[in-house]
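So this block is entry.cif, mmCIF, C-alpha atoms:
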data_protein
loop_
_atom_site.label_atom_id
_atom_site.label_comp_id
_atom_site.auth_asym_id
_atom_site.auth_seq_id
_atom_site.Cartn_x
_atom_site.Cartn_y
_atom_site.Cartn_z
CA MET A 1 -39.52 8.83 15.14
CA LYS A 2 -37.33 8.74 12.07
CA LYS A 3 -34.43 11.17 12.26
CA LYS A 4 -34.49 13.90 9.62
CA GLY A 5 -31.87 13.93 6.88
CA LEU A 6 -29.30 16.67 6.48
CA LEU A 7 -29.23 19.30 3.72
CA ILE A 8 -25.61 19.52 2.57
CA VAL A 9 -24.97 22.67 0.54
CA ILE A 10 -21.79 22.50 -1.54
CA SER A 11 -20.81 25.90 -2.84
CA GLY A 12 -17.83 28.05 -3.76
CA PRO A 13 -16.39 30.09 -6.62
CA SER A 14 -16.44 28.62 -10.13
CA GLY A 15 -13.23 26.69 -10.74
CA ALA A 16 -13.13 25.41 -7.15
CA GLY A 17 -14.23 21.95 -8.26
CA LYS A 18 -17.66 21.73 -6.58
CA GLY A 19 -19.05 19.34 -9.18
CA THR A 20 -16.18 16.83 -9.04
CA VAL A 21 -16.20 16.81 -5.23
CA CYS A 22 -20.00 16.23 -5.19
CA LYS A 23 -19.69 13.33 -7.64
CA GLU A 24 -16.98 11.72 -5.50
CA TYR A 25 -19.13 12.15 -2.36
CA LEU A 26 -22.18 10.62 -4.04
CA LYS A 27 -20.11 7.68 -5.31
CA ASN A 28 -19.13 6.84 -1.70
CA ASN A 29 -22.54 7.71 -0.22
CA PRO A 30 -25.08 6.38 -2.75
CA GLU A 31 -27.95 6.76 -0.25
CA THR A 32 -27.57 10.55 -0.41
CA ILE A 33 -29.96 12.31 -2.80
CA LEU A 34 -28.66 14.89 -5.27
CA SER A 35 -31.07 17.81 -5.39
CA VAL A 36 -32.64 18.19 -8.84
CA SER A 37 -33.14 21.75 -10.11
CA MET A 38 -36.17 22.98 -12.00
CA THR A 39 -35.71 24.97 -15.19
CA THR A 40 -37.70 26.59 -17.96
CA ARG A 41 -35.01 26.01 -20.58
CA GLN A 42 -35.52 23.33 -23.23
CA PRO A 43 -34.19 19.83 -22.47
CA ARG A 44 -30.99 19.01 -24.35
CA ARG A 45 -30.53 15.72 -26.13
CA GLY A 46 -30.31 12.91 -23.57
CA GLU A 47 -31.50 14.95 -20.59
CA VAL A 48 -34.21 13.22 -18.57
CA ASP A 49 -36.99 15.03 -16.72
CA GLY A 50 -36.67 14.45 -12.97
CA VAL A 51 -33.06 13.30 -13.32
CA ASN A 52 -31.05 16.12 -14.88
CA TYR A 53 -33.73 18.74 -14.27
CA PHE A 54 -37.42 19.09 -13.69
CA PHE A 55 -38.47 20.78 -16.93
CA THR A 56 -41.39 23.17 -16.76
CA ASP A 57 -42.88 26.26 -18.42
CA VAL A 58 -42.50 29.89 -17.42
CA ALA A 59 -46.06 30.27 -16.09
CA THR A 60 -45.67 27.30 -13.73
CA PHE A 61 -42.23 28.46 -12.59
CA GLU A 62 -43.46 31.99 -11.87
CA ARG A 63 -46.48 30.69 -9.97
CA MET A 64 -44.13 28.57 -7.85
CA ILE A 65 -41.98 31.64 -7.14
CA ASP A 66 -45.10 33.49 -5.94
CA GLU A 67 -46.08 30.57 -3.73
CA GLY A 68 -42.61 30.42 -2.13
CA GLY A 69 -41.96 27.05 -3.74
CA PHE A 70 -38.20 27.53 -4.23
CA LEU A 71 -35.31 27.41 -1.79
CA GLU A 72 -33.53 29.64 -4.32
CA HIS A 73 -33.97 30.65 -7.93
CA ALA A 74 -32.35 32.82 -10.58
CA LYS A 75 -32.83 33.87 -14.18
CA VAL A 76 -29.81 33.17 -16.38
CA TYR A 77 -29.77 34.18 -20.07
CA GLY A 78 -33.56 34.37 -20.06
CA ASN A 79 -34.16 30.96 -18.47
CA TYR A 80 -35.27 30.30 -14.93
CA TYR A 81 -33.40 27.86 -12.69
CA GLY A 82 -34.42 27.00 -9.12
CA THR A 83 -34.33 24.45 -6.31
CA PRO A 84 -37.86 23.19 -5.55
CA LYS A 85 -38.45 23.26 -1.82
CA SER A 86 -40.81 20.26 -1.80
CA PHE A 87 -38.29 17.85 -3.35
CA VAL A 88 -35.70 18.74 -0.70
CA LYS A 89 -38.08 18.73 2.26
CA GLU A 90 -39.76 15.42 1.36
CA ASN A 91 -36.41 13.66 1.19
CA LEU A 92 -35.18 15.21 4.44
CA LEU A 93 -38.39 14.20 6.23
CA ALA A 94 -37.94 10.64 4.96
CA GLY A 95 -34.55 10.65 6.70
CA ARG A 96 -32.46 10.98 3.54
CA ASP A 97 -29.56 13.41 3.24
CA VAL A 98 -29.83 15.78 0.29
CA ILE A 99 -26.80 17.34 -1.37
CA LEU A 100 -27.14 20.61 -3.25
CA GLU A 101 -24.35 21.86 -5.52
CA ILE A 102 -24.86 25.51 -6.07
CA ASP A 103 -23.18 28.85 -6.74
CA ILE A 104 -22.68 31.39 -3.98
CA GLN A 105 -25.66 33.62 -4.74
CA GLY A 106 -27.92 30.56 -4.64
CA ALA A 107 -26.40 29.23 -1.42
CA LEU A 108 -26.99 32.55 0.33
CA GLN A 109 -30.66 32.44 -0.70
CA VAL A 110 -30.95 28.88 0.64
CA LYS A 111 -29.35 29.93 3.93
CA GLU A 112 -31.99 32.59 4.48
CA LYS A 113 -34.78 30.05 4.03
CA PHE A 114 -33.21 26.96 5.54
CA ASP A 115 -30.59 27.87 8.11
CA GLU A 116 -30.35 24.31 9.50
CA GLY A 117 -28.56 23.20 6.33
CA VAL A 118 -24.82 22.59 6.44
CA PHE A 119 -23.07 25.19 4.31
CA ILE A 120 -19.73 24.11 2.91
CA PHE A 121 -17.48 26.43 0.92
CA ILE A 122 -15.09 24.66 -1.46
CA VAL A 123 -11.91 26.54 -2.32
CA PRO A 124 -8.89 25.76 -4.42
CA PRO A 125 -5.63 25.51 -2.42
CA THR A 126 -4.42 28.87 -3.83
CA MET A 127 -5.78 31.57 -6.12
CA GLU A 128 -2.99 30.62 -8.56
CA GLU A 129 -4.50 27.16 -8.74
CA LEU A 130 -7.97 28.63 -9.29
CA LYS A 131 -6.53 30.68 -12.14
CA ARG A 132 -4.98 27.56 -13.71
CA ARG A 133 -8.28 25.69 -13.38
CA ILE A 134 -10.27 28.46 -15.02
CA GLN A 135 -7.68 28.78 -17.83
CA ARG A 136 -7.56 25.02 -18.38
CA ARG A 137 -11.17 25.11 -19.50
CA GLY A 138 -9.81 27.17 -22.39
CA THR A 139 -13.10 28.71 -23.46
CA GLU A 140 -12.69 32.25 -22.14
CA THR A 141 -11.19 35.38 -23.67
CA PRO A 142 -8.57 37.23 -21.55
CA GLU A 143 -11.21 39.80 -20.58
CA GLU A 144 -13.64 37.04 -19.55
CA LEU A 145 -10.88 35.34 -17.51
CA LEU A 146 -10.08 38.57 -15.70
CA ARG A 147 -13.78 39.13 -14.99
CA ARG A 148 -14.03 35.64 -13.50
CA PHE A 149 -10.99 36.13 -11.25
CA LYS A 150 -12.39 39.37 -9.93
CA SER A 151 -15.72 37.72 -9.36
CA ALA A 152 -14.01 34.85 -7.47
CA TYR A 153 -12.19 37.45 -5.37
CA GLU A 154 -15.43 39.14 -4.37
CA GLU A 155 -17.12 35.83 -3.72
CA ILE A 156 -14.45 34.75 -1.24
CA ASN A 157 -15.77 37.47 1.09
CA PHE A 158 -18.88 35.35 1.55
CA ILE A 159 -16.92 32.51 3.22
CA THR A 160 -17.86 33.92 6.61
CA ARG A 161 -21.53 33.14 5.90
CA TYR A 162 -20.69 29.44 5.62
CA ASN A 163 -20.11 26.84 8.33
CA TYR A 164 -17.18 24.97 6.80
CA LEU A 165 -14.27 25.59 4.48
CA VAL A 166 -12.97 22.60 2.52
CA ILE A 167 -9.76 23.00 0.56
CA ASN A 168 -9.95 21.05 -2.66
CA ASP A 169 -6.33 20.07 -3.22
CA SER A 170 -7.35 16.43 -3.65
CA VAL A 171 -10.88 15.47 -4.69
CA LYS A 172 -10.77 12.27 -2.60
CA GLU A 173 -9.59 14.12 0.52
CA ALA A 174 -12.16 16.89 0.03
CA ALA A 175 -14.99 14.33 -0.27
CA LYS A 176 -13.73 12.55 2.87
CA LYS A 177 -13.79 15.83 4.76
CA ILE A 178 -17.39 16.36 3.72
CA GLU A 179 -18.17 12.86 5.01
CA ALA A 180 -16.60 13.76 8.36
CA ILE A 181 -18.58 17.01 8.45
CA VAL A 182 -21.84 15.10 7.87
CA VAL A 183 -21.06 12.58 10.66
CA ALA A 184 -20.10 15.42 13.02
CA GLU A 185 -23.17 17.53 12.21
CA LYS A 186 -25.41 14.58 13.03
CA CYS A 187 -23.76 14.47 16.47
CA ARG A 188 -24.40 18.16 17.18
CA VAL A 189 -26.33 18.60 20.42
CA ASP A 190 -28.87 20.93 18.80
CA ARG A 191 -29.73 18.22 16.25
CA ASN A 192 -30.32 15.61 19.00
CA SER A 193 -32.79 17.16 21.40
CA ASP A 194 -35.18 14.21 20.87
CA PHE A 195 -32.54 11.75 21.97
CA TYR A 196 -31.59 13.39 25.22
CA THR A 197 -35.19 14.15 26.13
CA ASN A 198 -35.91 10.42 25.75
CA LEU A 199 -32.78 9.56 27.72
CA GLN A 200 -33.99 11.68 30.60
CA GLY A 201 -37.41 10.03 30.47
CA GLY A 202 -35.63 6.68 30.76
CA ILE A 203 -34.13 7.46 34.13
CA ASP A 204 -37.52 7.39 35.86
CA ASN A 205 -38.00 3.81 34.72
CA ALA A 206 -34.45 2.90 35.64
CA ILE A 207 -34.90 4.27 39.15
CA SER A 208 -38.29 2.68 39.74
CA ILE A 209 -37.15 -0.74 38.44
CA HIS A 210 -34.15 -0.50 40.67
CA ARG A 211 -36.29 0.15 43.77
CA MET B 1 2.32 29.87 10.54
CA LYS B 2 1.71 26.56 12.23
CA LYS B 3 -1.96 25.83 12.79
CA LYS B 4 -3.00 25.51 16.42
CA GLY B 5 -4.10 22.16 17.77
CA LEU B 6 -7.59 21.42 19.01
CA LEU B 7 -8.63 20.89 22.63
CA ILE B 8 -10.99 17.90 22.64
CA VAL B 9 -12.97 17.67 25.87
CA ILE B 10 -14.51 14.23 26.46
CA SER B 11 -17.08 14.32 29.22
CA GLY B 12 -20.33 12.77 30.37
CA PRO B 13 -21.90 11.00 33.35
CA SER B 14 -19.94 8.27 35.11
CA GLY B 15 -20.73 4.92 33.53
CA ALA B 16 -20.91 6.42 30.03
CA GLY B 17 -17.55 4.93 29.08
CA LYS B 18 -15.48 8.13 28.65
CA GLY B 19 -12.21 6.41 29.55
CA THR B 20 -12.58 3.48 27.15
CA VAL B 21 -13.59 5.76 24.28
CA CYS B 22 -10.59 8.04 24.94
CA LYS B 23 -8.19 5.08 24.96
CA GLU B 24 -9.60 3.85 21.64
CA TYR B 25 -9.26 7.33 20.13
CA LEU B 26 -5.64 7.67 21.31
CA LYS B 27 -4.79 4.23 19.95
CA ASN B 28 -5.91 5.36 16.47
CA ASN B 29 -4.52 8.91 16.81
CA PRO B 30 -1.19 8.49 18.61
CA GLU B 31 -0.11 12.04 17.75
CA THR B 32 -2.86 13.40 20.04
CA ILE B 33 -1.69 14.35 23.54
CA LEU B 34 -3.65 13.15 26.58
CA SER B 35 -3.88 15.98 29.09
CA VAL B 36 -2.08 15.13 32.35
CA SER B 37 -3.74 16.29 35.58
CA MET B 38 -1.93 17.72 38.57
CA THR B 39 -2.70 16.39 42.04
CA THR B 40 -1.64 16.76 45.65
CA ARG B 41 -2.36 13.14 46.50
CA GLN B 42 0.49 10.71 47.04
CA PRO B 43 1.63 8.70 44.00
CA ARG B 44 0.46 5.09 44.04
CA ARG B 45 2.84 2.25 43.26
CA GLY B 46 3.85 2.38 39.62
CA GLU B 47 2.49 5.88 38.95
CA VAL B 48 4.98 8.10 37.12
CA ASP B 49 5.21 11.88 37.60
CA GLY B 50 4.34 13.64 34.33
CA VAL B 51 2.69 10.52 32.90
CA ASN B 52 -0.16 9.51 35.22
CA TYR B 53 -0.20 12.84 37.06
CA PHE B 54 1.98 15.79 37.85
CA PHE B 55 2.48 15.29 41.59
CA THR B 56 2.88 18.40 43.69
CA ASP B 57 2.34 19.79 47.21
CA VAL B 58 -0.63 21.76 48.52
CA ALA B 59 1.24 25.08 48.74
CA THR B 60 2.29 24.91 45.07
CA PHE B 61 -1.18 23.84 43.98
CA GLU B 62 -2.87 26.68 45.87
CA ARG B 63 -0.43 29.23 44.49
CA MET B 64 -1.23 27.98 40.98
CA ILE B 65 -4.96 28.37 41.71
CA ASP B 66 -4.34 31.99 42.77
CA GLU B 67 -2.33 32.65 39.62
CA GLY B 68 -5.07 31.23 37.40
CA GLY B 69 -2.86 28.32 36.39
CA PHE B 70 -5.67 25.77 36.01
CA LEU B 71 -8.29 25.26 33.32
CA GLU B 72 -10.31 23.56 36.07
CA HIS B 73 -9.66 22.15 39.51
CA ALA B 74 -11.50 20.45 42.35
CA LYS B 75 -10.86 19.08 45.83
CA VAL B 76 -11.91 15.43 46.23
CA TYR B 77 -11.59 13.64 49.60
CA GLY B 78 -9.08 16.24 50.77
CA ASN B 79 -6.84 16.07 47.67
CA TYR B 80 -6.60 18.64 44.92
CA TYR B 81 -6.89 17.66 41.25
CA GLY B 82 -6.59 20.08 38.35
CA THR B 83 -5.76 20.57 34.67
CA PRO B 84 -2.67 22.79 34.31
CA LYS B 85 -3.34 25.45 31.72
CA SER B 86 0.31 25.69 30.55
CA PHE B 87 0.56 22.00 29.57
CA VAL B 88 -2.56 22.27 27.39
CA LYS B 89 -1.69 25.64 25.82
CA GLU B 90 1.92 24.72 24.97
CA ASN B 91 0.80 21.61 23.12
CA LEU B 92 -1.98 23.44 21.28
CA LEU B 93 0.44 26.19 20.20
CA ALA B 94 2.84 23.54 18.90
CA GLY B 95 -0.01 22.32 16.67
CA ARG B 96 -0.82 19.19 18.65
CA ASP B 97 -4.36 18.19 19.55
CA VAL B 98 -4.94 17.67 23.27
CA ILE B 99 -7.63 15.34 24.61
CA LEU B 100 -9.05 15.91 28.07
CA GLU B 101 -11.19 13.25 29.76
CA ILE B 102 -13.13 14.90 32.53
CA ASP B 103 -16.33 14.88 34.58
CA ILE B 104 -19.11 17.34 33.86
CA GLN B 105 -18.29 19.87 36.59
CA GLY B 106 -14.72 20.04 35.31
CA ALA B 107 -15.78 20.37 31.67
CA LEU B 108 -18.05 23.31 32.51
CA GLN B 109 -15.14 25.06 34.23
CA VAL B 110 -12.95 24.47 31.16
CA LYS B 111 -15.67 25.86 28.90
CA GLU B 112 -15.73 29.15 30.81
CA LYS B 113 -11.99 29.59 30.36
CA PHE B 114 -11.45 28.05 26.95
CA ASP B 115 -14.56 28.27 24.85
CA GLU B 116 -12.73 27.36 21.60
CA GLY B 117 -12.40 23.77 22.83
CA VAL B 118 -14.63 21.07 21.35
CA PHE B 119 -17.00 19.81 24.04
CA ILE B 120 -18.23 16.26 23.52
CA PHE B 121 -20.79 14.61 25.78
CA ILE B 122 -20.62 10.81 25.85
CA VAL B 123 -23.86 9.03 26.73
CA PRO B 124 -24.88 5.40 27.01
CA PRO B 125 -27.53 4.33 24.45
CA THR B 126 -30.22 4.19 27.19
CA MET B 127 -30.45 4.93 30.90
CA GLU B 128 -31.09 1.21 31.40
CA GLU B 129 -27.68 0.53 29.89
CA LEU B 130 -26.08 3.17 32.12
CA LYS B 131 -27.67 1.41 35.10
CA ARG B 132 -26.25 -1.95 33.99
CA ARG B 133 -22.81 -0.41 33.53
CA ILE B 134 -22.81 1.17 36.97
CA GLN B 135 -24.07 -2.09 38.54
CA ARG B 136 -21.50 -4.17 36.66
CA ARG B 137 -18.74 -2.41 38.56
CA GLY B 138 -20.28 -4.11 41.58
CA THR B 139 -18.73 -1.89 44.22
CA GLU B 140 -21.73 0.22 45.24
CA THR B 141 -24.46 -0.32 47.83
CA PRO B 142 -28.08 0.03 46.61
CA GLU B 143 -28.21 3.53 48.15
CA GLU B 144 -24.97 4.53 46.42
CA LEU B 145 -26.31 3.16 43.11
CA LEU B 146 -29.51 5.18 43.43
CA ARG B 147 -27.51 8.28 44.28
CA ARG B 148 -25.39 7.79 41.15
CA PHE B 149 -28.45 7.34 38.90
CA LYS B 150 -29.99 10.52 40.23
CA SER B 151 -26.72 12.33 39.76
CA ALA B 152 -26.52 11.05 36.15
CA TYR B 153 -30.08 12.28 35.62
CA GLU B 154 -29.20 15.78 36.79
CA GLU B 155 -26.00 15.78 34.78
CA ILE B 156 -27.83 15.04 31.54
CA ASN B 157 -29.35 18.50 31.80
CA PHE B 158 -25.91 19.90 31.03
CA ILE B 159 -25.84 18.35 27.54
CA THR B 160 -27.04 21.64 26.10
CA ARG B 161 -23.77 23.30 27.18
CA TYR B 162 -21.84 20.92 24.95
CA ASN B 163 -21.25 20.99 21.18
CA TYR B 164 -21.63 17.29 20.41
CA LEU B 165 -23.44 14.24 21.72
CA VAL B 166 -21.83 10.87 21.04
CA ILE B 167 -23.78 7.73 21.86
CA ASN B 168 -21.47 5.06 23.16
CA ASP B 169 -23.19 1.89 21.99
CA SER B 170 -19.95 0.67 20.42
CA VAL B 171 -16.57 1.96 21.60
CA LYS B 172 -15.10 1.71 18.08
CA GLU B 173 -18.00 3.64 16.53
CA ALA B 174 -17.91 6.28 19.27
CA ALA B 175 -14.16 6.82 18.75
CA LYS B 176 -14.72 7.09 14.97
CA LYS B 177 -17.38 9.72 15.53
CA ILE B 178 -14.92 11.72 17.62
CA GLU B 179 -12.40 11.44 14.76
CA ALA B 180 -15.02 12.83 12.35
CA ILE B 181 -15.82 15.65 14.78
CA VAL B 182 -12.13 16.60 14.97
CA VAL B 183 -11.77 16.63 11.16
CA ALA B 184 -14.96 18.69 10.82
CA GLU B 185 -14.02 21.18 13.52
CA LYS B 186 -10.71 21.82 11.75
CA CYS B 187 -12.74 22.76 8.65
CA ARG B 188 -14.92 25.24 10.52
CA VAL B 189 -14.77 28.66 8.89
CA ASP B 190 -14.11 30.43 12.19
CA ARG B 191 -10.99 28.26 12.71
CA ASN B 192 -9.62 29.13 9.24
CA SER B 193 -9.59 32.91 9.05
CA ASP B 194 -5.82 32.86 8.32
CA PHE B 195 -6.33 30.66 5.30
CA TYR B 196 -8.97 32.70 3.57
CA THR B 197 -7.22 35.99 4.32
CA ASN B 198 -4.15 34.57 2.55
CA LEU B 199 -6.31 33.29 -0.29
CA GLN B 200 -7.69 36.78 -0.85
CA GLY B 201 -4.15 38.21 -0.83
CA GLY B 202 -3.25 35.74 -3.56
CA ILE B 203 -5.77 37.09 -6.03
CA ASP B 204 -3.83 40.33 -6.49
CA ASN B 205 -0.83 38.34 -7.67
CA ALA B 206 -2.96 36.13 -9.87
CA ILE B 207 -4.54 39.13 -11.56
CA SER B 208 -1.27 41.02 -12.08
CA ILE B 209 0.50 37.94 -13.47
CA HIS B 210 -2.38 37.41 -15.83
CA ARG B 211 -2.14 40.97 -17.17
#

Go through the file and emit its structure as structure tokens.
Amino acid sequence: MKKKGLLIVISGPSGAGKGTVCKEYLKNNPETILSVSMTTRQPRRGEVDGVNYFFTDVATFERMIDEGGFLEHAKVYGNYYGTPKSFVKENLLAGRDVILEIDIQGALQVKEKFDEGVFIFIVPPTMEELKRRIQRRGTETPEELLRRFKSAYEEINFITRYNYLVINDSVKEAAKKIEAIVVAEKCRVDRNSDFYTNLQGGIDNAISIHR
Amino acid sequence: MKKKGLLIVISGPSGAGKGTVCKEYLKNNPETILSVSMTTRQPRRGEVDGVNYFFTDVATFERMIDEGGFLEHAKVYGNYYGTPKSFVKENLLAGRDVILEIDIQGALQVKEKFDEGVFIFIVPPTMEELKRRIQRRGTETPEELLRRFKSAYEEINFITRYNYLVINDSVKEAAKKIEAIVVAEKCRVDRNSDFYTNLQGGIDNAISIHR
């Protein structure tokens, strides 16, 4: 039986560097599948259906919500965004790891529906650094900046709902830590019940051959 | 505050290759401390006190048992063997990882006293391979061999008490998996409560500086 893949959920406050860390991980692990979100917003120039997003209409999206077709979904500025359950599950069943880069509200929704995922919280080394990273983007007003800090502060309370904390002081090191986490998770006893059941079956043969 | 080291417990049935895997791990991670057992048996030629074992007398050993001075202990062929708690705890407090290679009965005793250790069960790829490895040693009678298989069979039931299962089909790969497990465990949220408490403290500064 083919071993199931792992759902790797990369989350954390905005400004933590989730996206960069994911890209670095995918560069070193090209067999891992990046989860593609579904959205009702219009495609932008150059965006490809099934690559950047699955583009769909509101009626289809809402029917999928009713049918429980999303691991998580949200409405942002009037557009729906969500993670289709089937895309993730089909890849996992085929033995492929799936990585999902997502904000904290989304990750908590996924955790309720798919607790066997690996939930990784990315944080900046200090809140000062997070502040610098948010400021560096240079697009926010002082009020908007303050709102985002406060939001990051509240979000940090959710760390305890995650399995792992990865400090993003170096993108390369953070991606390596995620690689170690994936190797380790695949060794967890509760993910290997098939193997040790088979191993026990093997002893009967070993004993009878020996006799 | 210095971060505590990790207690890495390497266990599994005899013939699984615990010793070889530990040696390989220590070769690549020379800063990790190998736990030294205490025993009441006589030193053999070339054995050094504090390196191979801590050698002691029965009265001292039994007093230490009464005082709860061992993480685990056992009497084998009339001699005591045990893992002194103080040696392990002092190294962990100094921030050094400690590796403990131990049979299954011993590991289960350690788990009762020190649940925050990382418990790794080493298995051969198949029971057939375990059989070959036990036979290759060439010292056992057929009856003794059969007894050891049956014992290995019973011991495999204890896998569920461990955190990780590492298949020893290649010593190098098995040691690398243990390295990944150690990196991952150090990222576990429940081992990093100090860090995220500090991170939350930092936001107050970040906000006030910003204002």

Within 7 Å of chain B, which residues of chain A show up? Give each one with its shortest atom-to-atom distance in Å (one decimal) and the two atoms involved, counting all atoms listed in the file, rows by chain then rising residue number, as a tab-separated table.
residue	atom	partner	partner_atom	distance
A:Thr126	CA	B:Leu199	CA	6.0
A:Met127	CA	B:Gly202	CA	5.5
A:Glu128	CA	B:Ala206	CA	5.7
A:Lys131	CA	B:Ala206	CA	6.9
A:Leu146	CA	B:Ile207	CA	6.9
A:Tyr153	CA	B:Gln200	CA	6.4
A:Thr160	CA	B:Val189	CA	6.5
A:Tyr162	CA	B:Val189	CA	6.8
A:Asn163	CA	B:Val189	CA	5.7
A:Tyr164	CA	B:Arg188	CA	4.4
A:Leu165	CA	B:Cys187	CA	5.3
A:Val166	CA	B:Cys187	CA	6.1
A:Lys177	CA	B:Val183	CA	6.8
A:Ala180	CA	B:Ala180	CA	4.4
A:Ile181	CA	B:Ala184	CA	4.6
A:Val183	CA	B:Ala180	CA	6.3
A:Ala184	CA	B:Ile181	CA	4.6
A:Cys187	CA	B:Leu165	CA	5.3
A:Arg188	CA	B:Tyr164	CA	4.3
A:Val189	CA	B:Tyr164	CA	4.9
A:Leu199	CA	B:Thr126	CA	6.0
A:Gln200	CA	B:Tyr153	CA	6.4
A:Gly202	CA	B:Met127	CA	5.5
A:Ile203	CA	B:Met127	CA	5.5
A:Ala206	CA	B:Glu128	CA	5.7
A:Ile207	CA	B:Leu146	CA	6.9

For stretch 92-103 of chain B, what centre and edge lengths in Å (one decimal) does the axis-aligned box get once 4 Å is added on each side of all its listed atoms, as AutoDock Vina command-line options?
--center_x -6.7 --center_y 19.7 --center_z 25.6 --size_x 27.2 --size_y 20.9 --size_z 25.9

message = Expand the PyMOL selection byres ((chain A and resi 14) around 8) into the explicit residue set it covers here, and present it as a PyMOL selection string.
response = chain A and resi 12-13+15-18+103+134+152

task = With the file shown as input, list the residues that the PyMOL selection byres ((chain B and resi 97) around 8) selects, as number ranges by chain.
result = B: 5-8, 31-33, 91-92, 95-96, 98-99

task = Tell me which protein, DNA and RNA residues are within 12 Å of B:Lys111, counting only C-alpha atoms, leaving out same-chain ones fewer than 5 positions away, and put them as a VMD selection string.
result = chain B and resid 7 to 11 71 to 72 100 102 104 to 106 116 to 120 161 to 163

Result set of the PyMOL selection byres ((chain B and resi 85) around 12) on the coordinates above, as a PyMOL selection string = chain B and resi 7+35-38+64-65+67-73+82-84+86-92+98+100+110+113-114

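When atom CA of B:Val58 is paired with atom CA of B:Arg41, their separation reads 9.0 Å.
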
request  = Point out the residue among A:Asp169, A:Arg63, A:Asn52, A:Pro43 with the least atom-to-atom distance to A:Asn79, counting all atoms listed in the file.
outcome  = A:Pro43

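For the atom pair formed by atom CA of B:Lys4 and atom CA of B:Ala94, the distance is 6.6 Å, given to one decimal.
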
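Going from atom CA of A:Tyr80 to atom CA of A:Arg148 covers 21.9 Å.
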
request  = Extract, using all atoms listed in the file, all DNA, RNA and protein residues at most 9 Å from B:Asp57, discarding same-chain residues fewer than 4 positions from it, and format them as a ChimeraX atom specification.
outcome  = /B:39-41,61-62
